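Heads up, the thing below is written out as structure tokens.
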Amino acid sequence: MAELFDYLETRDDADELIAEFGQAVTLRRYTASGSAFDPTLTPADYATKAAKVDFTYRQMQTGSVLATDERWLVAAGPLAALGITTVLPSDFIVVGGVERKVGPLSKPIAPAGVVCVFDVQAQK
């Protein structure tokens, strides 16, 4: 009988590598309260780690990458522990005190439905 592959262990390995070669970042998610005409936006911050990497040639050719954009691999384990299972287009990544919008090329890397890492396009 074949042994099943442990994707949670893969996520743990990815988290360790990102922690070793990356830096502390924050996922910021705003929630609106109050009336629709005058909402109050309240930020909720979730601490994690991320490593900056280069965009692939294919990503650069999409026309969605600006010169000021950055690509970050964000550790999914710390966010999963806080109940965050996805990075939304309305979220922000805070790196070194600078808030950057999550771009359209952002996606989870989730083999077999287990999110191992988030591939995030951070836009100014």
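How things are named: the first chain in the structure tokens is A, the next is B, and so on; residues count from 1 in each chain; ligands count from 1 in the order shown.
The residue set within 7 Å of stretch 84-86 of chain A, counting only C-alpha atoms and dropping same-chain residues fewer than 3 places from it, reads Leu79, Ala80 and Pro108 of chain A.
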Quick one: DSSP strand (DSSP E or B) residues in chain A, as a ChimeraX atom specification? /A:23-34,39-53,70-75,92-95,98-102,107-109,117-123
Output file for the selection above: N, CA and C atoms, as a short mmCIF file (atom, residue, chain, number, x, y, z; two decimals), in the first residue's frame:
```
data_model
loop_
_atom_site.label_atom_id
_atom_site.label_comp_id
_atom_site.auth_asym_id
_atom_site.auth_seq_id
_atom_site.Cartn_x
_atom_site.Cartn_y
_atom_site.Cartn_z
N GLN A 23 11.36 37.75 6.21
CA GLN A 23 11.24 38.72 7.28
C GLN A 23 9.81 38.75 7.79
N ALA A 24 9.61 39.41 8.93
CA ALA A 24 8.28 39.53 9.51
C ALA A 24 7.44 40.50 8.68
N VAL A 25 6.22 40.10 8.37
CA VAL A 25 5.26 40.95 7.66
C VAL A 25 3.91 40.82 8.36
N THR A 26 2.99 41.65 7.95
CA THR A 26 1.64 41.62 8.51
C THR A 26 0.64 41.57 7.38
N LEU A 27 -0.34 40.70 7.51
CA LEU A 27 -1.49 40.71 6.60
C LEU A 27 -2.53 41.60 7.25
N ARG A 28 -2.94 42.64 6.57
CA ARG A 28 -3.92 43.59 7.11
C ARG A 28 -5.23 43.43 6.35
N ARG A 29 -6.29 43.24 7.11
CA ARG A 29 -7.63 43.06 6.54
C ARG A 29 -8.55 44.08 7.20
N TYR A 30 -9.21 44.89 6.37
CA TYR A 30 -10.14 45.91 6.87
C TYR A 30 -11.56 45.36 6.89
N THR A 31 -12.28 45.66 7.96
CA THR A 31 -13.70 45.33 8.04
C THR A 31 -14.49 46.62 8.18
N ALA A 32 -15.62 46.69 7.49
CA ALA A 32 -16.46 47.88 7.50
C ALA A 32 -17.60 47.70 8.49
N SER A 33 -17.87 48.74 9.25
CA SER A 33 -19.02 48.74 10.15
C SER A 33 -19.70 50.09 10.02
N GLY A 34 -20.90 50.17 10.51
CA GLY A 34 -21.66 51.41 10.38
C GLY A 34 -22.51 51.37 9.13
N PRO A 39 -19.18 54.32 6.19
CA PRO A 39 -18.64 53.17 6.92
C PRO A 39 -17.40 53.53 7.73
N THR A 40 -17.21 52.80 8.79
CA THR A 40 -16.01 52.91 9.59
C THR A 40 -15.15 51.68 9.29
N LEU A 41 -13.94 51.91 8.79
CA LEU A 41 -13.04 50.81 8.45
C LEU A 41 -12.12 50.53 9.64
N THR A 42 -12.12 49.28 10.07
CA THR A 42 -11.30 48.86 11.19
C THR A 42 -10.30 47.83 10.70
N PRO A 43 -8.99 48.09 10.90
CA PRO A 43 -7.99 47.12 10.45
C PRO A 43 -7.81 45.99 11.46
N ALA A 44 -7.58 44.79 10.94
CA ALA A 44 -7.19 43.64 11.76
C ALA A 44 -5.87 43.14 11.18
N ASP A 45 -4.86 43.06 12.03
CA ASP A 45 -3.53 42.65 11.58
C ASP A 45 -3.23 41.22 12.01
N TYR A 46 -2.61 40.46 11.08
CA TYR A 46 -2.24 39.08 11.32
C TYR A 46 -0.75 38.92 11.00
N ALA A 47 0.04 38.59 12.00
CA ALA A 47 1.49 38.49 11.84
C ALA A 47 1.86 37.17 11.16
N THR A 48 2.83 37.26 10.26
CA THR A 48 3.37 36.08 9.60
C THR A 48 4.77 36.42 9.09
N LYS A 49 5.33 35.58 8.29
CA LYS A 49 6.65 35.79 7.68
C LYS A 49 6.49 35.73 6.17
N ALA A 50 7.40 36.39 5.46
CA ALA A 50 7.37 36.36 4.00
C ALA A 50 8.78 36.55 3.45
N ALA A 51 9.01 36.00 2.28
CA ALA A 51 10.29 36.13 1.59
C ALA A 51 10.04 36.76 0.22
N LYS A 52 10.82 37.78 -0.09
CA LYS A 52 10.69 38.46 -1.38
C LYS A 52 11.41 37.64 -2.45
N VAL A 53 10.71 37.41 -3.57
CA VAL A 53 11.27 36.67 -4.70
C VAL A 53 10.99 37.46 -5.98
N GLU A 70 6.03 44.10 -6.07
CA GLU A 70 6.93 43.12 -5.48
C GLU A 70 6.18 41.80 -5.35
N ARG A 71 6.93 40.71 -5.40
CA ARG A 71 6.35 39.39 -5.24
C ARG A 71 6.87 38.80 -3.93
N TRP A 72 5.95 38.35 -3.09
CA TRP A 72 6.29 37.79 -1.79
C TRP A 72 5.69 36.40 -1.64
N LEU A 73 6.47 35.48 -1.11
CA LEU A 73 5.95 34.18 -0.71
C LEU A 73 5.66 34.29 0.78
N VAL A 74 4.39 34.17 1.14
CA VAL A 74 3.93 34.40 2.50
C VAL A 74 3.65 33.06 3.17
N ALA A 75 4.19 32.88 4.37
CA ALA A 75 4.01 31.64 5.12
C ALA A 75 2.54 31.45 5.48
N PHE A 92 -4.17 43.73 2.47
CA PHE A 92 -2.92 44.46 2.31
C PHE A 92 -1.81 43.66 2.98
N ILE A 93 -0.59 43.81 2.48
CA ILE A 93 0.60 43.25 3.10
C ILE A 93 1.41 44.43 3.61
N VAL A 94 1.77 44.40 4.88
CA VAL A 94 2.58 45.47 5.47
C VAL A 94 4.00 44.94 5.64
N VAL A 95 4.93 45.56 4.91
CA VAL A 95 6.33 45.16 4.95
C VAL A 95 7.15 46.37 5.35
N VAL A 98 5.33 49.69 5.46
CA VAL A 98 4.71 50.17 4.22
C VAL A 98 3.57 49.23 3.85
N GLU A 99 2.37 49.79 3.70
CA GLU A 99 1.19 49.01 3.35
C GLU A 99 1.10 48.89 1.83
N ARG A 100 0.98 47.65 1.35
CA ARG A 100 0.88 47.38 -0.08
C ARG A 100 -0.36 46.56 -0.35
N LYS A 101 -1.08 46.90 -1.40
CA LYS A 101 -2.31 46.21 -1.79
C LYS A 101 -1.98 44.86 -2.40
N VAL A 102 -2.81 43.86 -2.12
CA VAL A 102 -2.67 42.54 -2.73
C VAL A 102 -3.13 42.64 -4.18
N LYS A 107 -2.17 34.36 -5.35
CA LYS A 107 -2.91 33.09 -5.30
C LYS A 107 -2.29 32.20 -4.23
N PRO A 108 -3.09 31.27 -3.71
CA PRO A 108 -2.51 30.29 -2.79
C PRO A 108 -1.88 29.15 -3.59
N ILE A 109 -0.81 28.60 -3.07
CA ILE A 109 -0.24 27.38 -3.64
C ILE A 109 -0.75 26.27 -2.74
N VAL A 117 1.59 27.75 0.92
CA VAL A 117 2.19 29.08 0.89
C VAL A 117 1.29 29.98 0.04
N PHE A 118 1.32 31.28 0.30
CA PHE A 118 0.61 32.25 -0.52
C PHE A 118 1.62 32.98 -1.41
N ASP A 119 1.35 33.03 -2.69
CA ASP A 119 2.16 33.75 -3.66
C ASP A 119 1.47 35.11 -3.86
N VAL A 120 2.06 36.18 -3.32
CA VAL A 120 1.38 37.47 -3.26
C VAL A 120 2.09 38.52 -4.10
N GLN A 121 1.32 39.18 -4.95
CA GLN A 121 1.78 40.35 -5.69
C GLN A 121 1.42 41.56 -4.84
N ALA A 122 2.42 42.29 -4.36
CA ALA A 122 2.20 43.46 -3.51
C ALA A 122 2.37 44.71 -4.36
N GLN A 123 1.32 45.52 -4.40
CA GLN A 123 1.34 46.73 -5.24
C GLN A 123 1.35 47.99 -4.37
#
```
Chain A: residues DSSP assigns to alpha helix (DSSP H), reported as a PyMOL selection string: chain A and resi 7-21+57-60+77-81
Could you please determine the separation between atom CA of A:Gly97 and atom CA of A:Asp69 in Å, to one decimal place?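 Between these atoms lies a distance of 16.0 Å.
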Which distance in Å separates atom CA of A:Ala67 and atom CA of A:Asp15, to one decimal?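 Here the two named atoms are 27.6 Å from each other.
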Write out as a PyMOL selection string each polymer residue whose atoms come within 12 Å of A:Glu9, counting only C-alpha atoms; drop sequence neighbours fewer than 3 positions from it. chain A and resi 4-6+12-16+77+114-116
Students should find that atom CA of A:Glu3 and atom CA of A:Ala112 are spaced 15.0 Å
